[in-house]
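*Asks:* Just passing along the structure, written as structure tokens.
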2 protein chains.
Amino acid sequence: MIQDLKYDDNGLIPVIVQDIDSNEVLMLAYMNKTSLEKTLKTGKTHFWSRSRQKYWMKGETSGNVQLVNKILYDCDEDTLLIIVEQIGSGACHTGNRTCFYRKIETGQPDSG
Amino acid sequence: MIQDLKYDDNGLIPVIVQDIDSNEVLMLAYMNKTSLEKTLKTGKTHFWSRSRQKYWMKGETSGNVQLVNKILYDCDEDTLLIIVEQIGSGACHTGNRTCFYRKIETGQPDSG
């Protein structure tokens, strides 16, 4: 299956990471085939950094690793969704639990 | 805020869509600035189709529109997460509720 996924022109596929306990979407990052293989082999998420052009394991400095529970792929086979157990305080380098901690004002009253 | 988001070389930003009721991740698609403005204006998700090179409103043929509850952006300002009320049977053109209905075998026993 890994080789059938549709990687983009840079050999990358976007990966959504979701928390198995809270169901929060924690982050989006990118994998290439090798980082997906590292992820499958180790059971911890490994990505490709587009800015630094290198492999990184989530939590390699912070200790906030992500233990893989399940890897899903979408109908178009060009996006992954990984359900993880997030170790430590959270996924975001800012210290927030999720990278999605800010809201765009939509002009609609917030119903909660 | 919309103009401060980091769109890619094609003027696009990936958008994760999550169901407000089930917390399921439904799909990933792409927006440009105009489709985000359409989304904000109408309260229904509008995307840019990379394959068809045109705007599309989710549900424009199926009727399965997505009513926007909340739009979040990530720490890097290069990904959106939209929480929606999914109208109808689901988000996926295959008839599944979510586009992520298939699993990559990880070689680990499924704990549920």
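We label chains A, B, ... in the order they appear in the structure tokens, count residues from 1 in each chain, and number ligands from 1 in the order shown.
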So that I can see what lies close to B:Met31, please list as a list in words the residues with an atom at most 8 Å from it, counting only C-alpha atoms and leaving out residues fewer than 2 positions away in the same chain.
*Replies:*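 Those residues are Leu12, Ile13, Pro14, Val15, Ala29, Lys33, Thr34, Ser35, Leu36, His46, Phe47 and Trp48 of chain B.
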*Asks:* I need the chain A residues near chain B as a ChimeraX atom specification; criterion: at most 10 Å, counting only C-alpha atoms.
*Replies:* /A:1-2,14-18,22-29,37,39-41,43,68-82,92-94,96,98-112
*Asks:* Report the distance between atom CA of A:Asp19 and atom CA of B:Asp21 in Å, rounded to one decimal place.
*Replies:* 16.1 Å
*Asks:* Please give the complete set of residues from chain A that DSSP, run on the backbone, assigns to strand (DSSP E), formatted as a ChimeraX atom specification.
*Replies:* /A:13-19,25-31,46-49,54-57,66-73,80-86,102-104
*Asks:* Just to confirm, what's the straight-line distance from atom CA of B:Gln53 to atom CA of A:Asp9 in Å (one decimal)?
*Replies:*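 These two atoms are separated by 17.1 Å.
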*Asks:* Excluding B:Asn64 and residues on its chain fewer than 3 positions from it, collect all residues at most 10 Å away from it, counting only C-alpha atoms, and give them as a ChimeraX atom specification.
*Replies:* /B:57-61,67,86-93
*Asks:* Could you write out the selected residues, including N, CA, C and O atoms, as a PDB file, in the first residue's frame?
*Replies:*
```pdb
ATOM      1  N   MET B  57     -18.050  24.028  -4.224  1.00  0.00           N
ATOM      2  CA  MET B  57     -18.629  24.047  -2.887  1.00  0.00           C
ATOM      3  C   MET B  57     -18.891  22.598  -2.524  1.00  0.00           C
ATOM      4  O   MET B  57     -19.473  21.839  -3.313  1.00  0.00           O
ATOM      5  N   LYS B  58     -18.451  22.195  -1.330  1.00  0.00           N
ATOM      6  CA  LYS B  58     -18.720  20.828  -0.876  1.00  0.00           C
ATOM      7  C   LYS B  58     -20.229  20.623  -0.843  1.00  0.00           C
ATOM      8  O   LYS B  58     -20.943  21.427  -0.232  1.00  0.00           O
ATOM      9  N   GLY B  59     -20.709  19.580  -1.502  1.00  0.00           N
ATOM     10  CA  GLY B  59     -22.140  19.282  -1.524  1.00  0.00           C
ATOM     11  C   GLY B  59     -22.903  19.951  -2.648  1.00  0.00           C
ATOM     12  O   GLY B  59     -24.127  19.864  -2.695  1.00  0.00           O
ATOM     13  N   GLU B  60     -22.213  20.606  -3.565  1.00  0.00           N
ATOM     14  CA  GLU B  60     -22.936  21.337  -4.615  1.00  0.00           C
ATOM     15  C   GLU B  60     -23.739  20.395  -5.510  1.00  0.00           C
ATOM     16  O   GLU B  60     -24.793  20.768  -6.001  1.00  0.00           O
ATOM     17  N   THR B  61     -23.279  19.168  -5.684  1.00  0.00           N
ATOM     18  CA  THR B  61     -24.080  18.188  -6.433  1.00  0.00           C
ATOM     19  C   THR B  61     -24.828  17.233  -5.502  1.00  0.00           C
ATOM     20  O   THR B  61     -25.996  16.953  -5.708  1.00  0.00           O
ATOM     21  N   LEU B  67     -21.685  23.006   7.011  1.00  0.00           N
ATOM     22  CA  LEU B  67     -21.945  24.296   7.650  1.00  0.00           C
ATOM     23  C   LEU B  67     -20.801  24.591   8.617  1.00  0.00           C
ATOM     24  O   LEU B  67     -20.510  23.794   9.509  1.00  0.00           O
ATOM     25  N   GLN B  86     -21.799  18.447   9.249  1.00  0.00           N
ATOM     26  CA  GLN B  86     -21.887  17.762   7.961  1.00  0.00           C
ATOM     27  C   GLN B  86     -23.340  17.403   7.676  1.00  0.00           C
ATOM     28  O   GLN B  86     -23.939  16.606   8.389  1.00  0.00           O
ATOM     29  N   ILE B  87     -23.888  17.999   6.632  1.00  0.00           N
ATOM     30  CA  ILE B  87     -25.270  17.703   6.249  1.00  0.00           C
ATOM     31  C   ILE B  87     -25.301  16.432   5.389  1.00  0.00           C
ATOM     32  O   ILE B  87     -24.378  16.192   4.611  1.00  0.00           O
ATOM     33  N   GLY B  88     -26.349  15.633   5.533  1.00  0.00           N
ATOM     34  CA  GLY B  88     -26.519  14.449   4.689  1.00  0.00           C
ATOM     35  C   GLY B  88     -25.738  13.253   5.186  1.00  0.00           C
ATOM     36  O   GLY B  88     -25.337  13.187   6.344  1.00  0.00           O
ATOM     37  N   SER B  89     -25.479  12.331   4.266  1.00  0.00           N
ATOM     38  CA  SER B  89     -24.915  11.042   4.651  1.00  0.00           C
ATOM     39  C   SER B  89     -23.427  11.096   4.951  1.00  0.00           C
ATOM     40  O   SER B  89     -22.896  10.213   5.616  1.00  0.00           O
ATOM     41  N   GLY B  90     -22.740  12.096   4.440  1.00  0.00           N
ATOM     42  CA  GLY B  90     -21.314  12.138   4.722  1.00  0.00           C
ATOM     43  C   GLY B  90     -20.552  13.016   3.776  1.00  0.00           C
ATOM     44  O   GLY B  90     -21.133  13.669   2.899  1.00  0.00           O
ATOM     45  N   ALA B  91     -19.232  13.027   3.968  1.00  0.00           N
ATOM     46  CA  ALA B  91     -18.369  13.929   3.214  1.00  0.00           C
ATOM     47  C   ALA B  91     -17.774  13.288   1.976  1.00  0.00           C
ATOM     48  O   ALA B  91     -17.397  13.975   1.039  1.00  0.00           O
ATOM     49  N   CYS B  92     -17.678  11.958   1.964  1.00  0.00           N
ATOM     50  CA  CYS B  92     -16.900  11.310   0.902  1.00  0.00           C
ATOM     51  C   CYS B  92     -17.764  10.986  -0.317  1.00  0.00           C
ATOM     52  O   CYS B  92     -18.895  10.522  -0.185  1.00  0.00           O
ATOM     53  N   HIS B  93     -17.174  11.191  -1.509  1.00  0.00           N
ATOM     54  CA  HIS B  93     -17.897  10.917  -2.753  1.00  0.00           C
ATOM     55  C   HIS B  93     -18.143   9.416  -2.947  1.00  0.00           C
ATOM     56  O   HIS B  93     -18.936   9.024  -3.805  1.00  0.00           O
TER      57      HIS B  93
END
```
*Asks:* Mind listing the helix (DSSP H, G or I) residues of stretch 11-98 of chain B, per DSSP on the backbone, as a JSON list (two decimals) with all heavy atoms, in the first residue's frame?
*Replies:*
```json
[["chain", "number", "residue", "atom", "x", "y", "z"],
["B", 33, "LYS", "N", -7.21, 31.99, -1.34],
["B", 33, "LYS", "CA", -7.76, 33.10, -0.58],
["B", 33, "LYS", "C", -9.23, 33.35, -0.96],
["B", 33, "LYS", "O", -10.08, 33.58, -0.09],
["B", 33, "LYS", "CB", -6.92, 34.36, -0.83],
["B", 33, "LYS", "CG", -7.27, 35.55, 0.04],
["B", 33, "LYS", "CD", -6.16, 36.60, -0.02],
["B", 33, "LYS", "CE", -6.62, 37.93, 0.56],
["B", 33, "LYS", "NZ", -7.59, 38.63, -0.32],
["B", 34, "THR", "N", -9.53, 33.23, -2.24],
["B", 34, "THR", "CA", -10.91, 33.48, -2.68],
["B", 34, "THR", "C", -11.88, 32.42, -2.15],
["B", 34, "THR", "O", -12.98, 32.75, -1.71],
["B", 34, "THR", "CB", -10.97, 33.52, -4.22],
["B", 34, "THR", "OG1", -10.11, 34.57, -4.68],
["B", 34, "THR", "CG2", -12.38, 33.79, -4.71],
["B", 35, "SER", "N", -11.48, 31.16, -2.15],
["B", 35, "SER", "CA", -12.40, 30.13, -1.64],
["B", 35, "SER", "C", -12.57, 30.26, -0.13],
["B", 35, "SER", "O", -13.65, 29.97, 0.39],
["B", 35, "SER", "CB", -11.97, 28.72, -2.06],
["B", 35, "SER", "OG", -10.68, 28.43, -1.61],
["B", 36, "LEU", "N", -11.55, 30.73, 0.55],
["B", 36, "LEU", "CA", -11.71, 31.00, 1.99],
["B", 36, "LEU", "C", -12.68, 32.15, 2.20],
["B", 36, "LEU", "O", -13.54, 32.09, 3.08],
["B", 36, "LEU", "CB", -10.34, 31.30, 2.63],
["B", 36, "LEU", "CG", -10.34, 31.63, 4.12],
["B", 36, "LEU", "CD1", -11.06, 30.57, 4.96],
["B", 36, "LEU", "CD2", -8.90, 31.80, 4.62],
["B", 37, "GLU", "N", -12.59, 33.17, 1.38],
["B", 37, "GLU", "CA", -13.53, 34.29, 1.47],
["B", 37, "GLU", "C", -14.97, 33.84, 1.18],
["B", 37, "GLU", "O", -15.91, 34.23, 1.87],
["B", 37, "GLU", "CB", -13.12, 35.41, 0.50],
["B", 37, "GLU", "CG", -11.91, 36.19, 1.00],
["B", 37, "GLU", "CD", -11.29, 37.10, -0.04],
["B", 37, "GLU", "OE1", -11.62, 36.94, -1.24],
["B", 37, "GLU", "OE2", -10.47, 37.95, 0.32],
["B", 38, "LYS", "N", -15.12, 32.97, 0.18],
["B", 38, "LYS", "CA", -16.46, 32.42, -0.13],
["B", 38, "LYS", "C", -16.99, 31.63, 1.07],
["B", 38, "LYS", "O", -18.18, 31.69, 1.40],
["B", 38, "LYS", "CB", -16.39, 31.46, -1.33],
["B", 38, "LYS", "CG", -16.23, 32.12, -2.70],
["B", 38, "LYS", "CD", -16.04, 31.03, -3.77],
["B", 38, "LYS", "CE", -15.62, 31.56, -5.12],
["B", 38, "LYS", "NZ", -16.74, 31.89, -6.02],
["B", 39, "THR", "N", -16.11, 30.88, 1.71],
["B", 39, "THR", "CA", -16.48, 30.08, 2.88],
["B", 39, "THR", "C", -16.93, 30.98, 4.02],
["B", 39, "THR", "O", -17.96, 30.72, 4.66],
["B", 39, "THR", "CB", -15.28, 29.21, 3.31],
["B", 39, "THR", "OG1", -14.94, 28.33, 2.23],
["B", 39, "THR", "CG2", -15.61, 28.39, 4.55],
["B", 40, "LEU", "N", -16.17, 32.03, 4.26],
["B", 40, "LEU", "CA", -16.51, 32.97, 5.33],
["B", 40, "LEU", "C", -17.83, 33.67, 5.04],
["B", 40, "LEU", "O", -18.65, 33.87, 5.94],
["B", 40, "LEU", "CB", -15.39, 34.01, 5.50],
["B", 40, "LEU", "CG", -14.12, 33.49, 6.19],
["B", 40, "LEU", "CD1", -12.96, 34.46, 5.97],
["B", 40, "LEU", "CD2", -14.37, 33.28, 7.68],
["B", 41, "LYS", "N", -18.02, 34.04, 3.79],
["B", 41, "LYS", "CA", -19.21, 34.81, 3.40],
["B", 41, "LYS", "C", -20.48, 33.97, 3.48],
["B", 41, "LYS", "O", -21.52, 34.43, 3.93],
["B", 41, "LYS", "CB", -19.01, 35.36, 1.98],
["B", 41, "LYS", "CG", -20.06, 36.36, 1.54],
["B", 41, "LYS", "CD", -19.73, 36.96, 0.19],
["B", 41, "LYS", "CE", -20.90, 37.82, -0.29],
["B", 41, "LYS", "NZ", -20.70, 38.26, -1.68],
["B", 42, "THR", "N", -20.38, 32.71, 3.03],
["B", 42, "THR", "CA", -21.58, 31.88, 2.91],
["B", 42, "THR", "C", -21.80, 30.97, 4.12],
["B", 42, "THR", "O", -22.90, 30.45, 4.30],
["B", 42, "THR", "CB", -21.48, 30.96, 1.67],
["B", 42, "THR", "OG1", -20.36, 30.08, 1.86],
["B", 42, "THR", "CG2", -21.30, 31.77, 0.41]]
```
